[in-house]
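A.B. asks: Quick one: this structure, given as structure tokens, is what I'll be asking you about.
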Amino acid sequence: MNTQTNEEPSGPSGPAGDGDRRQLWGPYLSERQWGTVREDYSAGGDAWSYFPHEHARSRAYRWGEDGLGGICDAKQRLCFALALWNGRDPILKERAFGLTNGEGNHGEDVKEYYFYLDSTPTHSYMRYLYKYPQAEFPYRDLVATNQARSRQEFEYELLDTGVFDEDRYFDVTVEYAKADHDDILIRITVANRGPDEATAHVLPTLWFRNTWSWYAGAVAAPRLAAAAGPRRTATVRAVHPELGSYDLRCAEAVPLLFTENESNNERLFGTPNASPYVKDGIGRAVVEGEKEAVNPAAEGTKAAAHYTLTVPAGGEEILRLRLAPTGSSLSLTGGFDTVFRERITEADTFHRELAPPDASEDEARVLRQAVAGMLWTKQYYGFDLETWLSEHGLDPWSLPRPGIRNREWFHMVSDDIISMPDKWEYPWFAAWDLAFHAVALSAVDTRFAKQQLELLLQDAYLHPNGQVPAYEWNFGDVNPPVHAWAAYFVHLVEERTTGHADPAFLERTFHKLLTNFTWWVNRKDPEGRNLFQGGFLGLDNIGVFDRSAPLPTGGRLEQADGTAWMALYCQSMLQIALELVEYNPSYQELVLKFVEHYLWIAGSMDRVGDLGDGLWDEEDGFYYDVLRLPDGQAVRLKVRSMVGLLPLCASTVFRPRQLERIPGLRERLRRFADRHPSLSVTLASAQAGETGGARLLSVVDEKKLLRVLGHLLSEDEFLGPYGIRSLSRHHAEHPYTFWVHGEEYRVSYLPAESDTGMFGGNSNWRGPVWFPMNVLVIRGLLNLYGFYGDGFTVECPTGSGVRMTLFEAAEEISRRLTRIFLRGEDGRRPFYGGQEKFRDDPHWRDLILFHEYFHGDNGAGIGAAHQTGWTGLLVTLMKIFGTLTPGDFLAEPARKERP
């Protein structure tokens with residue numbers, strides 16, 4: 001097999017991800033399956049309480065599996081992961097621990113330190129690091145202390161507990177190297193960072209996902225059993241009716257422990273077990289000394305090799321294992337290290353070629369870990385909604401029942417590898433997250449990026465009414481419609497990086513999105529005024545009110561962001577149609593359709609309104625939501641937030657040759673302008689000079705653009721030292737307040753964690769920096785630069801006297817974002833915040849975490865610690881935007897013909 005990663009990477013070709021043999025095995029195991037909606041069979045829908053961490057070691061999962069640094073096949077039939085015990089913990093460490101939504105003072109939060117250090121697109125080489133304390137893991141302390149803290153206090157982290165004092169911990173590194181697509185070499189290195197000799201129990205674990213316990217008459221379970229092998233080795237044979245037979249061989253003759261991946265009903269529910277061998281049997285045998293908890297017959301559906309290592313101070317021990325089809329050459333001596341060297345060399349080559357030519361050593365390191373995080377957070381996602389709902393006593397004709405989610409999604413069946421936001425905090429897909437993931441992944445693996453974008457548009461996901469599923473807590477919620485933007489972006493990246501376009505991908509995506517676009521128009525514009533309502537639209541607590549709930553005032557909200565998102569959606573569909581015209585003239589009519597639709601939406605946003613009811617505020621030079629009260633009054637909610645910046649992101653530049661390819665476009669635009677003069681302002685005139693007579697469709701004309709940019713580029717408002725803030729810093733001294741029935745609703749600038757419980761309290765859009773929105777703003781500025789060119793400059797920062805083109809302003813924002821992760825002159829990476837361990841310790845200071853969002857003033861990482869998903873857009877900034885030149889936006893695109 002050629003596993004070299006400098007060949008064109010390839011994503012799974014089918015829904016299950018089995019189509020590409022090179023990706024049959026990968027890091028598809030979740031970090032957390034407990035506490036998910038999939039595993040929730042409670043009456044009231046309290047997923048966190050129904051299946052807590054305390055149950056996870058003893059209770060068989062229904063829909064997926066989890067583990068430390070693990071891998072599995074693309075259908076998650078056979079899983080491999082690490083288990084550890086330091087001789088002091090009350091339980092075997094088999095999965096990452098964290099706080100539930102109700103336990104954390106800022107919502108759910110993982111309380112572990114693990115890092116995705118390396119991966120290639122085909123997972124031919126992967127590396128993962130887990131830091132395991134030698135003292136007893138402080139489970140109770142973490143819960144109790146965080147519960148006692150208010151929302152105004154910092155979170156209590158694992159480093160704060162003191163368990164890493166004097167470096168008394170193990171660095172446990174797991175590496176995987178593929179000798180073939182299904183032949184995986186495993187190297188586990190246990191390094192003692194402490195001052196004294198210490199003992200570590202290391203249990204590489206192999207098990208089958210439980211697919212046999214849930215149906216009457218189900219086929220027999222697959223089996224694991226000890227098998228004969230060379231002297232001084234130990235072998236577990238895994239036989240599965242679909243996957244075939246695999247052997248896991250250990251280089252040492254260590255004890256093998258076997259049990260069943262079945263729930264311990266006696267411990268959990270006080271009812272008898274069918275067998276004495278249950279899911280927690282290995283943990284009980286190791287930690288509690290219950291030898292009878294494992295099967296003396298050396299067979300079952302879960303098995304572990306038990307290594308007991310005494311590691312000297314500052315020393316390390318290395319374990320070698322190999323997972324391969326039965327009958328393969330399973331030598332763990334000759335050739336083992338050679339394969340690792342070859343795979344590491346290939347990974348080095350891949351990442352060296354990926355990094356920009358002028359990248360520093362530190363920039364290349366950060367980029368490599370960003371890519372690794374994106375690739376490690378692929379996850380198998382299995383969820384059959386019809387089965388799940390029927391297990392809750394519902395059928396498609398049942399009436400709604402409190403506590404039962406997603407009853408309108410009976411059609412939905414997931415059996416796929418999906419890019420996740422974070423495999424602990426968010427071990428489920430979210431529609432708009434996934435679109436941004438695809439944008440980031442396009443710099444690494446365009447085929448997988450395209451497959452991910454098409455996935456949610458397949459019949460197994462897309463609702464018959466055209467709605468895209470949002471996320472498992474409520475598939476019927478509304479995420480911002482960014483799929484079309486992402487599809488067009490990925491298309492352009494593929495064409496730029498490979499020299500070949502894929503119009504067939506654009507066509508397939510475009511036709512599915514037509515259905516979704518129609519759903520938006522019919523469902524989210526209740527009065528047909530092209531002013532859209534989408535609820536919270538993923539921006540959680542950015543507004544005065546909870547926008548996903550009924551308004552306390554009654555009435556409705558006309559959303560500046562909902563309408564701007566639809567303008568962006570329309571503009572993206574227009575750009576796709578323009579691209580497809582290059583290959584097929586029959587798309588001309590759809591170009592004209594989306595031009596007119598765009599003008600109506602842009603005109604609705606542009607309207608000032610005689611009664612102060614327009615989204616544009618002339619006095620402030622900004623866009624705001626409008627609250628329409630039951631008595632007909634309209635009130636602008638003057639919160640300067642990312643909501644009002646989104647109109648910058650929706651613009652389309654027509655090049656002269658594109659206009660020539662659509663003969664009726666000029667005449668149609670002229671007639672439209674004559675009939676609707678109030679809307680024609682959104683169609684800018686041809687610009688003289690280097691833009692060569694281009695025309696622009698934009699929500700903002702030049703006058704409004706300058707005013708909005710004045711806010712955007714002001715360091716007293718949105719432009720922070722580490723990117724664009726989600727809320728203007730103006731509200732630090734001037735909070736926005738709104739009174740309803742004697743109750744105050746307030747929006748203040750909060751650069752870090754949320755101080756409210758809205759949306760669980762673990763998300764904050766009132767000041768921090770969010771990567772996806774920054775990338776949209778940057779892309780919007782670059783698009784506008786393609787029209788205005790070098791003759792249009794703005795002060796950046798506002799009031800500084802320094803003038804920049806829009807291209808240079810976009811570069812400046814990108815530099816500030818990238819600076820979050822790079823080591824400064826003081827040796828500190830801003831995302832570390834005040835953690836001295838990360839700043840000073842050589843075993844910590846080059847480990848990068850790609851947080852969910854970042855402090856608006858100091859760049860500290862906040863929220864989910866491993867949200868590499870859309871924060872992985874750093875790859876886009878460094879690899880895509882970082883290599884663009886002004887000429888890329890000013891030049892006439894090349895003529896294309898259908899292949």
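Residue numbering restarts at 1 for every chain of the structure tokens, chains are lettered A, B, ... in their displayed order, and ligands are numbered from 1 as they appear.
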Neighbours of Lys704 of chain A within 12 Å (only C-alpha atoms; same-chain residues fewer than 2 positions away dropped), as an MDAnalysis selection string?
C.D. replies: chainID A and resid 605:608 616:623 644:645 647:648 681:682 698:702 706:711
A.B. asks: Using C-alpha atoms, can you write the selected residues to a file as a PDB file, in the first residue's frame?
C.D. replies:
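The resulting file, again11.pdb, is reproduced below:
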```pdb
ATOM      1  CA  MET A 605     -31.922  45.943   4.912  1.00  0.00           C
ATOM      2  CA  ASP A 606     -31.038  49.261   3.324  1.00  0.00           C
ATOM      3  CA  ARG A 607     -34.359  50.896   4.196  1.00  0.00           C
ATOM      4  CA  VAL A 608     -34.008  53.635   6.826  1.00  0.00           C
ATOM      5  CA  TRP A 616     -30.225  50.730   9.112  1.00  0.00           C
ATOM      6  CA  ASP A 617     -29.752  53.526  11.650  1.00  0.00           C
ATOM      7  CA  GLU A 618     -28.589  56.681   9.906  1.00  0.00           C
ATOM      8  CA  GLU A 619     -27.623  58.429  13.117  1.00  0.00           C
ATOM      9  CA  ASP A 620     -25.281  55.671  14.295  1.00  0.00           C
ATOM     10  CA  GLY A 621     -24.264  54.367  10.890  1.00  0.00           C
ATOM     11  CA  PHE A 622     -25.014  50.779  11.863  1.00  0.00           C
ATOM     12  CA  TYR A 623     -27.523  47.945  11.412  1.00  0.00           C
ATOM     13  CA  GLY A 644     -24.731  44.640  12.405  1.00  0.00           C
ATOM     14  CA  LEU A 645     -21.434  43.691  10.728  1.00  0.00           C
ATOM     15  CA  PRO A 647     -24.118  42.955   5.896  1.00  0.00           C
ATOM     16  CA  LEU A 648     -20.465  43.582   4.971  1.00  0.00           C
ATOM     17  CA  VAL A 681     -28.964  51.965  -4.952  1.00  0.00           C
ATOM     18  CA  THR A 682     -27.726  48.470  -4.063  1.00  0.00           C
ATOM     19  CA  SER A 698     -23.771  44.836  -2.107  1.00  0.00           C
ATOM     20  CA  VAL A 699     -26.040  45.406   0.856  1.00  0.00           C
ATOM     21  CA  VAL A 700     -23.958  48.473   1.730  1.00  0.00           C
ATOM     22  CA  ASP A 701     -23.251  51.333  -0.662  1.00  0.00           C
ATOM     23  CA  GLU A 702     -19.981  53.233  -0.381  1.00  0.00           C
ATOM     24  CA  LEU A 706     -17.365  53.731   5.260  1.00  0.00           C
ATOM     25  CA  ARG A 707     -19.544  54.250   8.312  1.00  0.00           C
ATOM     26  CA  VAL A 708     -19.724  50.555   9.228  1.00  0.00           C
ATOM     27  CA  LEU A 709     -15.977  50.209   8.678  1.00  0.00           C
ATOM     28  CA  GLY A 710     -15.460  53.086  11.078  1.00  0.00           C
ATOM     29  CA  HIS A 711     -17.003  50.916  13.802  1.00  0.00           C
TER      30      HIS A 711
END
```
A.B. asks: Report as a PyMOL selection string all protein, DNA and RNA residues lying within 8 Å of Arg322 of chain A, evaluated on only C-alpha atoms, omitting residues in the same chain fewer than 4 positions from it.
C.D. replies: chain A and resi 183-186+247-250+330+332
A.B. asks: Which is closest to Val478 of chain A among A:Trp565, A:Tyr736, A:Tyr853, A:Trp428, if we use only C-alpha atoms?
C.D. replies: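 Closest candidate: A:Trp565.
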A.B. asks: Near Asn465 of chain A, within 8 Å and counting only C-alpha atoms, which residues show up once chain neighbours fewer than 5 positions away are dropped, as a list in words?
C.D. replies: Thr515, Asn516 and Trp519 of chain A
A.B. asks: Produce a file of the selected residues containing C-alpha atoms, as a PDB file, in the first residue's frame.
C.D. replies:
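Output file again-v6.pdb follows:
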```
ATOM      1  CA  THR A 515     -34.884  23.264  -1.735  1.00  0.00           C
ATOM      2  CA  ASN A 516     -33.403  24.658   1.460  1.00  0.00           C
ATOM      3  CA  TRP A 519     -37.724  26.577   2.917  1.00  0.00           C
TER       4      TRP A 519
END
```
A.B. asks: With distances taken over only C-alpha atoms, which residue among A:Met642, A:Val591, A:Cys79, A:Ala359 lies nearest Arg666 of chain A?
C.D. replies: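 Among the listed residues, the smallest separation from Arg666 of chain A belongs to A:Val591.
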A.B. asks: How would you write, as a ChimeraX atom specification, the set of residues in segment 766-795 of chain A that DSSP gives as strand (DSSP E or B)?
C.D. replies: /A:769,793-795
A.B. asks: Can those selected residues be exported to a file as a compact mmCIF listing (two decimals), in the first residue's frame so that it contains C-alpha atoms?
C.D. replies:
```
# COMPACT_ATOMS: atom_id res chain seq x y z
CA VAL A 769 -13.47 36.81 19.38
CA THR A 793 -8.68 53.24 1.51
CA VAL A 794 -9.84 53.43 5.12
CA GLU A 795 -8.22 54.31 8.43
```
A.B. asks: Excluding Glu715 of chain A and residues on its chain fewer than 3 positions from it, collect all residues at most 8 Å away from it, counting only C-alpha atoms, and give them as number ranges by chain.
C.D. replies: A: 718-721, 797-798
A.B. asks: Could you tell me which of A:Arg447, A:Glu495, A:Tyr128, A:Trp424 comes closest to Glu108 of chain A if we count only C-alpha atoms?
C.D. replies: A:Trp424
A.B. asks: Show me, as a VMD selection string, the residues that have an atom within 9 Å of Ala487 of chain A when counting only C-alpha atoms, minus same-chain residues fewer than 5 positions from it.
C.D. replies: chain A and resid 435 438 to 439 449 to 450 453 to 454 482 492 505 to 506 509 to 510 572 576
A.B. asks: At a cut-off of 12 Å, using only C-alpha atoms, what residues contact Arg140 of chain A? Leave out same-chain residues fewer than 5 positions from it and give the result as a PyMOL selection string.
C.D. replies: chain A and resi 54+89-90+97-99+103+111+145-147+158+161
A.B. asks: Tell me which protein, DNA and RNA residues are within 9 Å of segment 522-538 of chain A, counting only C-alpha atoms, leaving out same-chain ones fewer than 4 positions away, and put them as an MDAnalysis selection string.
C.D. replies: chainID A and resid 432 477:480 517:518 542:543 546:549 556:566 597 600:605
